[in-house]
$ cat final_20.cif   # mmCIF, C-alpha atoms
data_start
#
loop_
_atom_site.label_atom_id
_atom_site.label_comp_id
_atom_site.auth_asym_id
_atom_site.auth_seq_id
_atom_site.Cartn_x
_atom_site.Cartn_y
_atom_site.Cartn_z
CA MET A 11 -13.02 11.04 -4.30
CA ARG A 12 -9.44 11.19 -3.07
CA SER A 13 -7.02 14.01 -3.73
CA LEU A 14 -4.36 13.56 -6.41
CA THR A 15 -1.62 13.28 -3.83
CA LEU A 16 -3.16 10.56 -1.72
CA VAL A 17 -4.33 8.43 -4.60
CA CYS A 18 -0.85 8.47 -6.13
CA VAL A 19 0.83 7.54 -2.87
CA LEU A 20 -1.33 4.56 -2.04
CA ALA A 21 -2.65 3.10 -5.23
CA GLY A 22 -0.98 4.76 -8.19
CA CYS A 23 -2.84 7.23 -10.41
CA GLY A 24 -3.40 5.67 -13.79
CA SER A 25 -3.36 7.08 -17.27
CA LYS A 26 -6.13 6.44 -19.78
CA SER A 27 -3.83 4.42 -22.01
CA VAL A 28 -4.17 0.65 -22.24
CA PRO A 29 -1.93 -1.00 -19.58
CA THR A 30 0.78 -3.49 -20.49
CA PRO A 31 -0.37 -7.06 -19.67
CA ILE A 32 1.12 -8.79 -16.63
CA LEU A 33 2.28 -12.39 -16.88
CA ASP A 34 0.00 -15.25 -15.83
CA PRO A 35 0.03 -15.24 -11.98
CA THR A 36 0.13 -19.07 -11.91
CA THR A 37 3.81 -18.89 -12.96
CA THR A 38 4.92 -17.75 -9.50
CA VAL A 39 8.01 -19.67 -8.42
CA ALA A 40 9.07 -18.12 -5.11
CA PRO A 41 6.93 -18.26 -1.94
CA TRP A 42 4.74 -15.20 -1.45
CA GLY A 43 3.31 -13.93 1.81
CA HIS A 44 4.75 -16.66 4.03
CA GLY A 45 6.15 -16.25 7.53
CA LYS A 46 6.62 -13.44 10.00
CA PRO A 47 6.50 -9.81 8.81
CA LEU A 48 9.83 -8.32 7.75
CA VAL A 49 9.73 -5.30 10.07
CA THR A 50 11.57 -3.98 13.13
CA PRO A 51 9.78 -2.06 15.91
CA GLY A 52 10.92 1.55 15.74
CA GLU A 53 11.73 1.34 12.02
CA ARG A 54 10.78 4.45 10.05
CA MET A 55 10.87 5.29 6.34
CA THR A 56 10.22 8.78 4.96
CA TYR A 57 9.48 9.60 1.31
CA ARG A 58 9.09 12.69 -0.88
CA LEU A 59 6.28 12.61 -3.43
CA SER A 60 6.68 14.81 -6.49
CA LEU A 61 5.04 15.52 -9.84
CA LYS A 62 7.33 16.76 -12.63
CA GLY A 63 9.91 17.64 -9.98
CA ILE A 64 7.46 19.63 -7.83
CA GLU A 65 7.14 18.33 -4.27
CA LEU A 66 3.53 17.61 -3.34
CA ALA A 67 3.62 15.57 -0.14
CA SER A 68 5.59 13.56 2.36
CA TYR A 69 4.76 9.97 3.21
CA THR A 70 6.02 8.14 6.27
CA ILE A 71 5.84 4.47 7.16
CA SER A 72 6.35 3.81 10.88
CA ILE A 73 6.67 0.44 12.59
CA GLY A 74 5.28 0.65 16.11
CA GLU A 75 5.48 -1.61 19.11
CA LEU A 76 3.85 -4.99 19.62
CA ALA A 77 0.24 -4.90 20.77
CA GLU A 78 -2.37 -7.54 21.59
CA LEU A 79 -5.57 -7.43 19.54
CA ASP A 80 -8.38 -9.88 20.33
CA GLY A 81 -5.92 -12.29 21.91
CA LYS A 82 -3.40 -12.18 19.04
CA ARG A 83 0.07 -10.62 19.08
CA THR A 84 0.32 -7.91 16.44
CA VAL A 85 2.69 -5.18 15.32
CA ILE A 86 1.23 -1.78 14.47
CA VAL A 87 2.24 -0.35 11.09
CA GLU A 88 1.14 3.18 10.16
CA GLY A 89 1.33 5.12 6.92
CA HIS A 90 0.98 8.91 7.12
CA ALA A 91 0.45 11.11 4.05
CA LYS A 92 0.76 14.89 4.44
CA SER A 93 0.55 17.53 1.72
CA VAL A 94 3.20 20.26 1.62
CA GLY A 95 3.71 23.64 -0.03
CA LEU A 96 1.49 24.57 -2.97
CA ALA A 97 -0.35 21.25 -2.79
CA ASN A 98 -2.09 22.50 0.36
CA MET A 99 -3.80 25.15 -1.77
CA VAL A 100 -5.37 22.46 -3.95
CA ALA A 101 -6.36 19.79 -1.41
CA LYS A 102 -5.37 19.30 2.21
CA VAL A 103 -3.98 15.86 2.93
CA ASP A 104 -3.17 14.73 6.47
CA ASP A 105 -4.24 11.10 6.39
CA ARG A 106 -3.35 7.99 8.39
CA PHE A 107 -3.55 4.30 7.52
CA THR A 108 -3.04 1.91 10.44
CA SER A 109 -2.63 -1.86 10.33
CA TRP A 110 -2.48 -4.46 13.09
CA ILE A 111 -0.36 -7.23 11.54
CA ASP A 112 -0.11 -10.70 13.10
CA VAL A 113 3.51 -11.22 14.18
CA ASP A 114 3.32 -14.97 13.51
CA ASN A 115 2.05 -15.02 9.92
CA GLY A 116 2.18 -11.47 8.56
CA ARG A 117 -1.59 -11.28 7.95
CA THR A 118 -3.59 -8.21 8.87
CA ARG A 119 -6.06 -8.50 11.75
CA ARG A 120 -7.45 -4.97 11.40
CA PHE A 121 -7.00 -1.99 9.06
CA GLN A 122 -8.18 1.50 10.01
CA THR A 123 -8.01 4.75 8.05
CA ALA A 124 -8.72 8.44 8.65
CA GLU A 125 -8.65 10.67 5.55
CA PHE A 126 -9.72 14.19 4.72
CA GLU A 127 -12.53 14.32 2.18
CA THR A 128 -11.34 16.15 -0.93
CA ARG A 129 -11.55 19.95 -0.61
CA THR A 130 -13.45 19.83 2.71
CA GLU A 131 -12.68 19.59 6.42
CA ASN A 132 -14.70 16.36 6.69
CA VAL A 133 -12.81 13.26 7.82
CA GLU A 134 -13.67 9.86 6.40
CA HIS A 135 -13.09 6.87 8.69
CA ALA A 136 -12.97 3.27 7.50
CA ILE A 137 -12.39 0.01 9.35
CA VAL A 138 -11.65 -3.30 7.62
CA ASP A 139 -12.05 -6.11 10.14
CA PHE A 140 -10.10 -8.99 8.58
CA ALA A 141 -10.33 -11.09 11.75
CA LYS A 142 -14.15 -11.23 11.47
CA ARG A 143 -14.23 -12.45 7.88
CA GLN A 144 -17.07 -14.85 7.13
CA GLY A 145 -16.62 -16.98 4.05
CA ASP A 146 -15.95 -14.74 1.07
CA HIS A 147 -17.00 -11.50 2.80
CA VAL A 148 -14.84 -9.15 4.86
CA PRO A 149 -16.61 -6.62 7.16
CA VAL A 150 -15.99 -2.99 6.18
CA SER A 151 -17.50 0.04 7.89
CA PHE A 152 -17.49 3.67 6.76
CA GLN A 153 -18.06 6.76 8.89
CA LEU A 154 -18.03 10.46 7.98
CA ASN A 155 -16.94 12.58 10.96
CA ASP A 156 -19.05 11.51 13.97
CA THR A 157 -22.03 10.17 12.05
CA PRO A 158 -23.10 6.52 12.61
CA ALA A 159 -20.90 3.96 10.85
CA ILE A 160 -22.33 2.35 7.71
CA PRO A 161 -21.57 -1.34 6.99
CA GLU A 162 -20.13 -2.01 3.52
CA PRO A 163 -19.20 -5.74 3.41
CA GLN A 164 -16.71 -6.59 0.68
CA LYS A 165 -16.74 -9.80 -1.36
CA VAL A 166 -13.27 -11.30 -1.85
CA THR A 167 -12.06 -14.24 -3.92
CA GLN A 168 -8.75 -15.22 -2.32
CA THR A 169 -7.82 -17.02 0.88
CA ASP A 170 -5.36 -14.29 1.84
CA VAL A 171 -6.44 -10.67 1.45
CA TRP A 172 -4.20 -7.74 2.41
CA ASP A 173 -4.27 -4.06 3.20
CA TYR A 174 -1.74 -1.72 1.60
CA ASN A 175 0.65 -1.68 4.58
CA ALA A 176 0.69 -5.47 4.96
CA PHE A 177 1.05 -5.91 1.18
CA LEU A 178 4.14 -3.70 1.14
CA VAL A 179 5.60 -5.56 4.15
CA ALA A 180 5.03 -8.90 2.37
CA LEU A 181 6.61 -7.53 -0.82
CA ARG A 182 9.73 -6.65 1.18
CA ALA A 183 10.15 -10.31 2.09
CA TRP A 184 9.40 -11.73 -1.38
CA GLU A 185 12.80 -12.65 -2.80
CA ALA A 186 11.40 -13.69 -6.15
CA PRO A 187 13.32 -14.78 -9.24
CA ILE A 188 13.04 -12.36 -12.15
CA GLY A 189 9.85 -13.01 -14.07
CA ALA A 190 7.95 -14.49 -11.13
CA THR A 191 4.44 -13.11 -10.62
CA ILE A 192 1.69 -13.00 -8.04
CA SER A 193 -1.96 -11.98 -8.11
CA THR A 194 -3.64 -10.82 -4.92
CA GLU A 195 -6.34 -8.57 -3.44
CA VAL A 196 -5.48 -5.49 -1.39
CA PHE A 197 -7.56 -2.92 0.51
CA ARG A 198 -6.66 0.72 -0.11
CA SER A 199 -8.85 2.57 2.39
CA ARG A 200 -12.37 1.08 2.20
CA TYR A 201 -12.03 -0.19 -1.37
CA LEU A 202 -10.53 -3.46 -2.62
CA TRP A 203 -8.11 -3.72 -5.53
CA LYS A 204 -6.98 -6.74 -7.54
CA ILE A 205 -3.21 -6.38 -7.90
CA ASP A 206 -0.91 -8.29 -10.26
CA VAL A 207 2.83 -7.94 -9.63
CA LYS A 208 5.89 -9.17 -11.53
CA ALA A 209 9.53 -9.23 -10.39
CA ALA A 210 10.87 -7.21 -13.32
CA GLY A 211 14.64 -6.87 -12.87
CA LYS A 212 17.62 -5.80 -10.79
CA SER A 213 19.73 -2.65 -11.02
CA ARG A 214 21.34 0.03 -8.90
CA LEU A 215 19.17 2.96 -7.84
CA LEU A 216 20.50 6.41 -6.93
CA THR A 217 18.70 7.90 -3.90
CA GLU A 218 19.45 10.46 -1.20
CA LEU A 219 20.68 7.51 0.87
CA GLY A 220 23.25 6.68 -1.80
CA GLU A 221 23.42 4.32 -4.74
CA LEU A 222 21.83 1.03 -3.69
CA PRO A 223 21.20 -2.38 -5.28
CA ALA A 224 17.49 -2.72 -6.01
CA VAL A 225 14.91 -5.08 -7.44
CA ARG A 226 12.00 -3.60 -9.39
CA PHE A 227 8.45 -4.89 -9.23
CA ASP A 228 5.98 -3.88 -11.94
CA GLY A 229 2.28 -4.05 -11.18
CA ARG A 230 -1.26 -3.31 -12.23
CA ALA A 231 -4.10 -2.50 -9.83
CA VAL A 232 -7.77 -2.86 -10.77
CA LYS A 233 -10.43 -1.39 -8.47
CA LEU A 234 -13.24 -3.76 -7.44
CA ALA A 235 -16.87 -3.09 -6.58
CA ARG A 236 -18.50 -4.44 -3.40
CA ASP A 237 -19.64 -7.60 -5.19
CA GLY A 238 -16.08 -8.33 -6.34
CA SER A 239 -16.63 -7.27 -9.96
CA LYS A 240 -14.55 -4.62 -11.69
CA PHE A 241 -15.44 -1.10 -10.64
CA PRO A 242 -17.56 0.70 -13.28
CA ASP A 243 -15.59 2.18 -16.18
CA THR A 244 -17.03 5.59 -15.37
CA ASP A 245 -14.02 6.02 -13.06
CA HIS A 246 -10.97 6.17 -15.37
CA ARG A 247 -8.72 5.81 -12.31
CA ALA A 248 -10.04 2.29 -11.65
CA GLU A 249 -7.08 0.69 -13.48
CA ARG A 250 -3.50 1.73 -12.74
CA ASP A 251 0.06 0.65 -13.54
CA PHE A 252 2.94 1.19 -11.12
CA SER A 253 6.52 0.17 -10.25
CA ILE A 254 8.14 -0.32 -6.84
CA TRP A 255 11.88 -0.58 -6.16
CA ILE A 256 13.05 -2.44 -3.02
CA SER A 257 16.66 -2.59 -1.86
CA ASP A 258 18.26 -5.88 -2.82
CA GLU A 259 20.09 -6.48 0.45
CA GLY A 260 19.40 -7.52 4.05
CA ASP A 261 17.10 -4.67 5.07
CA ARG A 262 14.89 -4.92 1.93
CA VAL A 263 13.79 -1.29 2.24
CA PRO A 264 11.18 0.11 -0.19
CA LEU A 265 13.12 2.83 -2.05
CA LYS A 266 10.93 4.23 -4.78
CA TYR A 267 7.41 4.19 -6.19
CA SER A 268 6.60 5.44 -9.68
CA THR A 269 3.58 5.69 -11.96
CA MET A 270 2.59 7.47 -15.16
CA THR A 271 -0.54 9.63 -14.89
CA ASP A 272 -2.54 12.00 -17.07
CA TYR A 273 -0.70 14.80 -15.23
CA GLY A 274 2.83 13.44 -15.76
CA ASP A 275 5.19 11.13 -13.90
CA ILE A 276 4.50 10.76 -10.18
CA GLU A 277 7.43 9.59 -8.05
CA MET A 278 7.73 8.76 -4.35
CA VAL A 279 11.40 8.42 -3.38
CA ILE A 280 12.94 7.65 0.01
CA VAL A 281 14.71 10.53 1.75
CA ASP A 282 15.35 9.03 5.19
CA TYR A 283 15.54 5.60 6.80
CA GLN A 284 15.76 4.76 10.50
CA PRO A 285 16.43 1.02 11.11
CA GLY A 286 14.62 0.82 14.44
CA THR A 287 15.77 -0.13 17.92
CA GLY A 288 13.84 -3.32 18.54
CA GLN A 289 14.43 -6.87 17.38
CA ARG A 290 13.49 -7.72 13.79
CA LEU A 291 10.40 -9.94 13.78
CA ARG A 292 11.54 -12.05 10.83
CA PRO A 293 14.86 -13.82 11.44
#

$ encode --input "final_20.cif" --output "structure tokens"
Amino acid sequence: MRSLTLVCVLAGCGSKSVPTPILDPTTTVAPWGHGKPLVTPGERMTYRLSLKGIELASYTISIGELAELDGKRTVIVEGHAKSVGLANMVAKVDDRFTSWIDVDNGRTRRFQTAEFETRTENVEHAIVDFAKRQGDHVPVSFQLNDTPAIPEPQKVTQTDVWDYNAFLVALRAWEAPIGATISTEVFRSRYLWKIDVKAAGKSRLLTELGELPAVRFDGRAVKLARDGSKFPDTDHRAERDFSIWISDEGDRVPLKYSTMTDYGDIEMVIVDYQPGTGQRLRP
């Protein structure tokens, strides 16, 4: 069970109300998930996560240097969630989510996480080894502290499966016409989610970086069990609606994340952006 902060950052806490349907994913017009990742080594994005105006956590996305993994050139992308202020009294969060993304096609080779177990000092480790996929199963291992790792293979249904970092990178590059939709599968930690996304509209968004042109994507995430079926309804958080705003200009920076929860509106808004010092991988 994840803390409120971390769940909201990475997957979107959901309310118990019935979600609004997403359009048929077969209507997608623009290419999705094609080409090199839209990132620049050294790039860094920092966000403030708040509930009803109260700051709960910071979240940072960092683009590292190029690294070889099993003979493939990859770029390391890391997400780091850290609780702040009063949130530390409820549940400590100091969690990292690391992806090795193929620089040629934008697909993840490996996804590794380290997260504090809720209200304890235990650390949960998970590894999703995309490169060793066999048929419709992706190897997943889970380890609590230094105990032996437990295999938890995950059944998938799609040719291309993502982790959260790689999904967000691909969304940056998706210049979709309004109304276009996609349906995909995304790992958030050791669990897989079916995610439907629609390009919902364009506007201008006021942030601490200024007023910026933005495109909004509306989505729904449904948690999946190991056999690929929907996660049991005993977990009311297994179905969640969310919106993501991405700047509608050359840098295509994720600006804001928002979701309605049983506790109120959760927002994650950018507070700092560093463009990086390396060469952008996608021309």

$ closest_residue --input "final_20.cif" --among "A:Val103, A:Ala180, A:Ser213, A:Leu219" --to "Thr130 (chain A)" --atoms "all atoms listed in the file"
A:Val103

$ atom_distance --input "final_20.cif" --atom1 "CA of Glu221 (chain A)" --atom2 "CA of Asp282 (chain A)"
13.6 Å

$ closest_residue --input "final_20.cif" --among "A:Asp243, A:Asp170, A:Glu185, A:Glu78" --to "Ala210 (chain A)" --atoms "only C-alpha atoms"
A:Glu185

$ resolve_selection --input "final_20.cif" --expression "the PyMOL selection byres ((chain A and resi 257) around 9)" --output "ChimeraX atom specification"
/A:182,214-215,222-226,255-256,258-265

$ closest_residue --input "final_20.cif" --among "A:Ser199, A:Thr108, A:Ser60, A:Gln122" --to "Met278 (chain A)" --atoms "only C-alpha atoms"
A:Ser60

$ residues_around --input "final_20.cif" --residues "Phe121 (chain A)" --least-positions-apart "6" --cutoff "7 Å" --atoms "all atoms listed in the file" --output "ChimeraX atom specification"
/A:108-110,137-139,173

$ closest_residue --input "final_20.cif" --among "A:Ile86, A:Val196, A:Leu76, A:Leu202" --to "Lys240 (chain A)" --atoms "only C-alpha atoms"
A:Leu202

$ closest_residue --input "final_20.cif" --among "A:Arg119, A:Leu61, A:Ala186, A:Gly43" --to "Met270 (chain A)" --atoms "only C-alpha atoms"
A:Leu61

$ atom_distance --input "final_20.cif" --atom1 "CA of Asp251 (chain A)" --atom2 "CA of Thr169 (chain A)"
24.1 Å

$ residues_around --input "final_20.cif" --residues "Gly288 (chain A)" --least-positions-apart "2" --cutoff "12 Å" --atoms "only C-alpha atoms" --output "PDB file with C-alpha atoms, in the frame of the given file"
ATOM      1  CA  VAL A  49       9.730  -5.300  10.070  1.00  0.00           C
ATOM      2  CA  THR A  50      11.570  -3.980  13.130  1.00  0.00           C
ATOM      3  CA  PRO A  51       9.780  -2.060  15.910  1.00  0.00           C
ATOM      4  CA  GLY A  52      10.920   1.550  15.740  1.00  0.00           C
ATOM      5  CA  GLU A  53      11.730   1.340  12.020  1.00  0.00           C
ATOM      6  CA  ARG A  54      10.780   4.450  10.050  1.00  0.00           C
ATOM      7  CA  ILE A  73       6.670   0.440  12.590  1.00  0.00           C
ATOM      8  CA  GLY A  74       5.280   0.650  16.110  1.00  0.00           C
ATOM      9  CA  GLU A  75       5.480  -1.610  19.110  1.00  0.00           C
ATOM     10  CA  LEU A  76       3.850  -4.990  19.620  1.00  0.00           C
ATOM     11  CA  VAL A  85       2.690  -5.180  15.320  1.00  0.00           C
ATOM     12  CA  GLN A 284      15.760   4.760  10.500  1.00  0.00           C
ATOM     13  CA  PRO A 285      16.430   1.020  11.110  1.00  0.00           C
ATOM     14  CA  GLY A 286      14.620   0.820  14.440  1.00  0.00           C
ATOM     15  CA  ARG A 290      13.490  -7.720  13.790  1.00  0.00           C
ATOM     16  CA  LEU A 291      10.400  -9.940  13.780  1.00  0.00           C
ATOM     17  CA  ARG A 292      11.540 -12.050  10.830  1.00  0.00           C
TER      18      ARG A 292
END

$ atom_distance --input "final_20.cif" --atom1 "CA of Ile192 (chain A)" --atom2 "CA of Lys208 (chain A)"
6.7 Å

$ resolve_selection --input "final_20.cif" --expression "the PyMOL selection byres ((chain A and resi 112) around 12)" --output "PyMOL selection string"
chain A and resi 44-49+76-87+109-111+113-121+140-141+172+176+179+291-292

$ residues_around --input "final_20.cif" --residues "Glu131 (chain A)" --least-positions-apart "2" --cutoff "12 Å" --atoms "all atoms listed in the file" --output "ChimeraX atom specification"
/A:101-105,125-129,133-134,154-155

$ closest_residue --input "final_20.cif" --among "A:Arg247, A:Arg230, A:Lys266, A:Arg200" --to "Ala124 (chain A)" --atoms "only C-alpha atoms"
A:Arg200

$ resolve_selection --input "final_20.cif" --expression "the PyMOL selection byres ((chain A and resi 194) around 7)" --output "list in words"
Val171, Ile192, Ser193, Glu195, Val196, Lys204, Ile205 and Asp206 of chain A

$ residues_around --input "final_20.cif" --residues "Thr157 (chain A)" --least-positions-apart "4" --cutoff "12 Å" --atoms "only C-alpha atoms" --output "short mmCIF file (atom, residue, chain, number, x, y, z; two decimals) with C-alpha atoms, keeping the file's coordinate frame"
data_model
loop_
_atom_site.label_atom_id
_atom_site.label_comp_id
_atom_site.auth_asym_id
_atom_site.auth_seq_id
_atom_site.Cartn_x
_atom_site.Cartn_y
_atom_site.Cartn_z
CA ASN A 132 -14.70 16.36 6.69
CA VAL A 133 -12.81 13.26 7.82
CA GLU A 134 -13.67 9.86 6.40
CA HIS A 135 -13.09 6.87 8.69
CA SER A 151 -17.50 0.04 7.89
CA PHE A 152 -17.49 3.67 6.76
CA GLN A 153 -18.06 6.76 8.89
#

$ axis_aligned_box --input "final_20.cif" --around "region 261-280 of chain A" --padding-each-side "6 Å" --output "AutoDock Vina command-line options"
--center_x 7.3 --center_y 4.9 --center_z -6.0 --size_x 31.6 --size_y 31.7 --size_z 34.1
